[in-house]
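Colleague: I have a structure I would like to understand better, so I am pasting it below and will then ask my questions one at a time.
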Number of protein chains: 2
Amino acid sequence: MTRRGNTRAAILEASVDLFGSRGFAATSLDEIAGVVGVAKQTLLYWFPSKDELLDAVLEQTALELAAVIEAAVRAAPDEPLARVEAVVKAVFRPAVRRPALLGLVREVSRLSPAHAERLTLQVQPFVRRATDYLRDEMDAGRLRRADPGLVVALVYATVTGIATEPEALRAVGWPVSATGLRRLRRELIEFVLAALHPAPPDG
Amino acid sequence: MTRRGNTRAAILEASVDLFGSRGFAATSLDEIAGVVGVAKQTLLYWFPSKDELLDAVLEQTALELAAVIEAAVRAAPDEPLARVEAVVKAVFRPAVRRPALLGLVREVSRLSPAHAERLTLQVQPFVRRATDYLRDEMDAGRLRRADPGLVVALVYATVTGIATEPEALRAVGWPVSATGLRRLRRELIEFVLAALHPAPPDG
DNA sequence: ACCTCTTTCTACCATGTGGTAGACAACGAC
DNA sequence: GTCGTTGTCTACCACATGGTAGAAAGAGGT
């Protein structure tokens, strides 16, 4: 049977999982092919080289996450803390279901500057919009005054870090059950919101 | 000239840098040997295999970081927010000077469960002490009430993430100058402290 | 002088890797 | 039916990698 029609998509999916969990360099084409259930050459038919496969994987991941975040922002009420909460919640779901998604994003810092550059450019407009929004809300006194760009980076670091390092959670004895995950999400959001709350009382 | 006496240390240092920046799998023994300026076989003389080299590298990194944190805690005044600030500051310095240090810690989630397990056990007592301390201070009302273990993990995720992902900082247009780093440290600390402050005002 | 131990090296090997060349089968156009 | 196109495969290659075997060379004890 030829033309299953979704071979390319299956390759991308398996690649996200493997690149994101074990890392790009540690993943061989044979391994991906094994997961997908095709020969290695089929990968090289759809993607001329491992590097171009990586490019495609990065692009798709960025698009997926962007769509998730976009939808969350749209659905949230027009209040900054509520929006932040909505975004964190929205990212948390796929992050838990497929830890490799954010793991792949984190992998970017290990890749060549060329790959990083491409992803940076792709994400740029979203970052820009987020920082502009945060700046306005800070000016309006609805968020703690800080550098808006850095706040984006810090929230990103917190969420991505907690979602991609199960070892850190295990080290502090966090239960990996369903209720454990719900509480994790709750505490993560409270942590982030507390960090953004305007004018905390002087200790 | 034999017995330079510090070949082993030089190998460990170069390995931390390369494993931490490019990743374990992406780093070859030849590459490390090239940096150190010896033949590959010299590495295999001091460390019987790449895996055992990794073990040694992880152990030394953990010891270094533990010493830094230990000293910071000892020197800080007995007030929880001051102590947290001291620890973040103390970790920030080596993190900036040698980004690979924290990068290596983050690499743990990509490694075999055996390696992760060993590091987890090594870090366990420190984590335990930190969570106990935080719990006491929460009970005393000097910190926002939350799960102490998770707070440790969240602060770790924030600091490690921001320190190991220069791409994220570049994406938000953060300047990588000396003054940029000073402001980064300031804002990072304010972010974490705000997240830990007791009883934020209800929005 | 000789032996032993330590440290480093050269030479080599088995294996896994990314990638090339090209055969083979299904399919639609005509 | 024939032909070009598309998708997948088998066979193979050049190369880098982790690791083995063992020689060389200095240092120190006797």
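Going by the structure tokens order, chains are called A, B, ..., each with residues numbered from 1, while ligands are numbered from 1 in the order shown.
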Using only C-alpha atoms (C1' of nucleotides), what table do you get, as a Markdown table, when you list each residue of chain D with an atom no more than 12 Å from chain B, its nearest pair of atoms, and their distance in Å rounded to one decimal, rows by chain then rising number?
Modeller:
| residue | atom | partner | partner_atom | distance |
| --- | --- | --- | --- | --- |
| D:DA16 | C1' | B:Ser28 | CA | 9.2 |
| D:DT17 | C1' | B:Ser28 | CA | 7.3 |
| D:DG18 | C1' | B:Lys50 | CA | 7.6 |
| D:DG19 | C1' | B:Ser49 | CA | 7.9 |
| D:DT20 | C1' | B:Gln41 | CA | 10.3 |
| D:DA21 | C1' | B:Gln41 | CA | 11.7 |
| D:DA25 | C1' | B:Thr2 | CA | 8.6 |
| D:DG26 | C1' | B:Thr2 | CA | 6.6 |
| D:DA27 | C1' | B:Thr2 | CA | 9.0 |
Colleague: Please identify every residue of chain C that has at least one atom no farther than 12 Å from an atom of chain B, counting only C-alpha atoms (C1' of nucleotides), and for each give the shortest atom pair and the distance in Å to one decimal, arranged by chain then increasing number, as a tab-separated table.
Modeller:
residue	atom	partner	partner_atom	distance
C:DT6	C1'	B:Arg3	CA	8.0
C:DT7	C1'	B:Thr2	CA	6.0
C:DT8	C1'	B:Thr42	CA	6.3
C:DC9	C1'	B:Ala39	CA	7.2
C:DT10	C1'	B:Ala39	CA	9.8
C:DA11	C1'	B:Gln41	CA	11.7
Colleague: Next, the residues of the selection above should be written as a PDB file, in the first residue's frame with N, CA and C atoms (P, O5', C5', C4', C3', O3' and C1' of nucleotides).
Modeller:
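File written: part_2.pdb
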ATOM      1  P    DT C   6      50.949   2.887  39.717  1.00  0.00           P
ATOM      2  O5'  DT C   6      51.152   4.165  38.798  1.00  0.00           O
ATOM      3  C5'  DT C   6      52.037   5.183  39.245  1.00  0.00           C
ATOM      4  C4'  DT C   6      52.199   6.257  38.193  1.00  0.00           C
ATOM      5  C3'  DT C   6      50.898   6.704  37.530  1.00  0.00           C
ATOM      6  O3'  DT C   6      50.869   8.112  37.565  1.00  0.00           O
ATOM      7  C1'  DT C   6      52.509   6.142  35.877  1.00  0.00           C
ATOM      8  P    DT C   7      49.508   8.898  37.252  1.00  0.00           P
ATOM      9  O5'  DT C   7      49.700   9.319  35.721  1.00  0.00           O
ATOM     10  C5'  DT C   7      50.786  10.169  35.390  1.00  0.00           C
ATOM     11  C4'  DT C   7      51.039  10.153  33.902  1.00  0.00           C
ATOM     12  C3'  DT C   7      49.819  10.483  33.028  1.00  0.00           C
ATOM     13  O3'  DT C   7      50.068  11.732  32.415  1.00  0.00           O
ATOM     14  C1'  DT C   7      51.151   8.748  32.105  1.00  0.00           C
ATOM     15  P    DT C   8      48.935  12.458  31.585  1.00  0.00           P
ATOM     16  O5'  DT C   8      49.253  12.030  30.081  1.00  0.00           O
ATOM     17  C5'  DT C   8      50.435  12.513  29.452  1.00  0.00           C
ATOM     18  C4'  DT C   8      50.743  11.685  28.232  1.00  0.00           C
ATOM     19  C3'  DT C   8      49.688  11.710  27.143  1.00  0.00           C
ATOM     20  O3'  DT C   8      50.039  12.657  26.140  1.00  0.00           O
ATOM     21  C1'  DT C   8      50.720   9.566  27.388  1.00  0.00           C
ATOM     22  P    DC C   9      49.124  12.882  24.866  1.00  0.00           P
ATOM     23  O5'  DC C   9      49.630  11.760  23.840  1.00  0.00           O
ATOM     24  C5'  DC C   9      50.978  11.822  23.370  1.00  0.00           C
ATOM     25  C4'  DC C   9      51.369  10.506  22.720  1.00  0.00           C
ATOM     26  C3'  DC C   9      50.546  10.149  21.484  1.00  0.00           C
ATOM     27  O3'  DC C   9      51.202  10.615  20.317  1.00  0.00           O
ATOM     28  C1'  DC C   9      50.876   8.246  22.931  1.00  0.00           C
ATOM     29  P    DT C  10      50.438  10.638  18.937  1.00  0.00           P
ATOM     30  O5'  DT C  10      50.676   9.197  18.273  1.00  0.00           O
ATOM     31  C5'  DT C  10      51.974   8.641  18.162  1.00  0.00           C
ATOM     32  C4'  DT C  10      51.890   7.231  17.589  1.00  0.00           C
ATOM     33  C3'  DT C  10      51.062   7.105  16.308  1.00  0.00           C
ATOM     34  O3'  DT C  10      51.727   6.230  15.406  1.00  0.00           O
ATOM     35  C1'  DT C  10      50.168   5.668  17.955  1.00  0.00           C
ATOM     36  P    DA C  11      51.126   5.985  13.915  1.00  0.00           P
ATOM     37  O5'  DA C  11      50.287   4.633  14.063  1.00  0.00           O
ATOM     38  C5'  DA C  11      50.912   3.492  14.644  1.00  0.00           C
ATOM     39  C4'  DA C  11      49.913   2.342  14.744  1.00  0.00           C
ATOM     40  C3'  DA C  11      48.966   2.208  13.544  1.00  0.00           C
ATOM     41  O3'  DA C  11      49.013   0.869  13.066  1.00  0.00           O
ATOM     42  C1'  DA C  11      47.753   2.215  15.568  1.00  0.00           C
TER      43       DA C  11
END
Colleague: Quick one: residues within 12 Å of Leu12 (chain A), only C-alpha atoms (C1' of nucleotides) counted, chain neighbours fewer than 2 positions away excluded, as a PDB file with C-alpha atoms, in the first residue's frame?
Modeller:
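Output file around-v5.pdb is given in full below:
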ATOM      1  CA  ASN A   6       0.255  10.997   6.284  1.00  0.00           C
ATOM      2  CA  THR A   7       3.744   9.584   6.296  1.00  0.00           C
ATOM      3  CA  ARG A   8       5.193  13.045   6.412  1.00  0.00           C
ATOM      4  CA  ALA A   9       3.031  14.007   9.377  1.00  0.00           C
ATOM      5  CA  ALA A  10       3.912  10.800  11.189  1.00  0.00           C
ATOM      6  CA  ALA A  14       7.839  11.086  15.959  1.00  0.00           C
ATOM      7  CA  SER A  15      10.658  13.555  15.413  1.00  0.00           C
ATOM      8  CA  VAL A  16       9.158  16.072  17.807  1.00  0.00           C
ATOM      9  CA  ASP A  17       8.928  13.400  20.473  1.00  0.00           C
ATOM     10  CA  LEU A  18      12.436  12.083  20.004  1.00  0.00           C
ATOM     11  CA  PHE A  19      14.225  15.370  19.399  1.00  0.00           C
ATOM     12  CA  GLY A  20      12.372  16.905  22.301  1.00  0.00           C
ATOM     13  CA  LEU A  29      17.285   8.712  11.686  1.00  0.00           C
ATOM     14  CA  ILE A  32      12.770   7.813  14.062  1.00  0.00           C
ATOM     15  CA  ALA A  33      12.144   5.489  11.143  1.00  0.00           C
ATOM     16  CA  VAL A  35       9.030   4.509  15.514  1.00  0.00           C
ATOM     17  CA  VAL A  36       7.199   5.565  12.385  1.00  0.00           C
ATOM     18  CA  LEU A  43      12.571   9.974   5.913  1.00  0.00           C
ATOM     19  CA  TRP A  46      10.405  13.606   2.640  1.00  0.00           C
ATOM     20  CA  PHE A  47      13.207  15.611   4.201  1.00  0.00           C
ATOM     21  CA  LYS A  50      18.458  15.554   9.090  1.00  0.00           C
ATOM     22  CA  GLU A  52      16.023  20.072   7.127  1.00  0.00           C
ATOM     23  CA  LEU A  53      13.924  17.637   9.114  1.00  0.00           C
ATOM     24  CA  LEU A  54      14.867  19.598  12.197  1.00  0.00           C
ATOM     25  CA  ASP A  55      13.870  22.837  10.534  1.00  0.00           C
ATOM     26  CA  ALA A  56      10.464  21.437   9.671  1.00  0.00           C
ATOM     27  CA  VAL A  57      10.015  20.051  13.168  1.00  0.00           C
ATOM     28  CA  LEU A  58      10.894  23.383  14.755  1.00  0.00           C
ATOM     29  CA  GLU A  59       8.588  25.277  12.486  1.00  0.00           C
ATOM     30  CA  GLN A  60       5.639  23.009  13.116  1.00  0.00           C
ATOM     31  CA  THR A  61       6.170  23.075  16.860  1.00  0.00           C
ATOM     32  CA  LEU A 101       6.983  19.774  22.758  1.00  0.00           C
TER      33      LEU A 101
END
Colleague: Return the neighbours of chain B among the residues of chain A, cut-off 7 Å, counting only C-alpha atoms, as a compact mmCIF listing (two decimals) with C-alpha atoms, in the first residue's frame.
Modeller:
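Writing done, so here's selection33.txt:
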# COMPACT_ATOMS: atom_id res chain seq x y z
CA SER A 21 13.00 14.14 24.79
CA ARG A 22 16.43 12.75 23.96
CA GLY A 23 17.79 15.69 22.03
CA ALA A 25 22.11 14.87 18.35
CA ALA A 26 21.15 11.81 20.38
CA SER A 109 19.86 26.69 22.71
CA ARG A 110 21.93 23.61 21.85
CA THR A 120 13.68 33.48 16.89
CA GLN A 124 9.42 37.59 17.14
CA VAL A 127 6.98 38.27 21.65
CA GLY A 149 10.48 41.70 27.71
CA LEU A 150 12.24 40.14 30.64
CA ALA A 153 11.38 35.52 29.29
CA LEU A 154 11.02 34.80 32.99
CA ALA A 157 11.64 30.04 31.74
CA THR A 158 9.49 29.11 34.70
CA GLY A 161 11.53 24.59 33.09
CA ILE A 162 8.90 23.06 35.32
CA GLU A 165 12.34 18.70 33.93
CA GLU A 167 13.75 15.06 37.32
CA ALA A 168 13.45 18.31 39.23
CA LEU A 169 9.92 17.39 40.28
CA ALA A 171 13.87 15.45 43.31
CA VAL A 172 11.39 17.40 45.44
CA PHE A 191 3.61 31.38 41.53
CA VAL A 192 3.56 33.26 38.24
CA ALA A 194 2.24 36.35 42.51
CA ALA A 195 5.37 37.34 40.61
CA PRO A 200 3.27 43.86 46.71
CA PRO A 201 3.29 45.11 50.31
Colleague: Can you measure C1' of DG1 (chain D) to C1' of DC30 (chain C) for me? One decimal in Å is fine.
Modeller: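 These two atoms are separated by 10.6 Å.
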Colleague: Between CA of Leu65 (chain B) and CA of Asp139 (chain B), what distance in Å does the model show, to one decimal?
Modeller: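 CA of Leu65 (chain B) sits 28.2 Å away from CA of Asp139 (chain B).
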Colleague: Which of region 106-145 of chain B counts as helix (DSSP H, G or I) under DSSP, as number ranges by chain please?
Modeller: B: 106-110, 113-139
Colleague: Which one is closest to Ala90 (chain A): A:Ile11, A:Ala178, A:Ile189, A:Leu143? Count only C-alpha atoms.
Modeller: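 Answer, going by the shortest atom-to-atom distance: A:Ile189.
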Colleague: How many Å separate CA of Val87 (chain B) from CA of Ile69 (chain B)?
Modeller: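 CA of Ile69 (chain B) lies 5.7 Å from CA of Val87 (chain B).
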Colleague: Which is closest to Gly141 (chain A) among A:Ala71, A:Glu64, A:Pro80, A:Val96, if we use only C-alpha atoms?
Modeller: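 Going through A:Ala71, A:Glu64, A:Pro80, A:Val96 one by one, the smallest distance to Gly141 (chain A) is for A:Pro80.
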Colleague: Write out as a list in words each polymer residue whose atoms come within 12 Å of DC13 (chain D), counting only C-alpha atoms (C1' of nucleotides); drop sequence neighbours fewer than 4 positions from it.
Modeller: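 So the residues in contact are DT17, DG18, DG19, DT20 and DA21 of chain C.
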Colleague: Applying 12 Å and only C-alpha atoms (C1' of nucleotides), which residues near DC24 (chain C) remain after dropping the ones on its own chain fewer than 2 positions away? List them as a list in words.
Modeller: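 The neighbour list is DG22 and DA26 of chain C; DG7, DT8, DC9 and DT10 of chain D.
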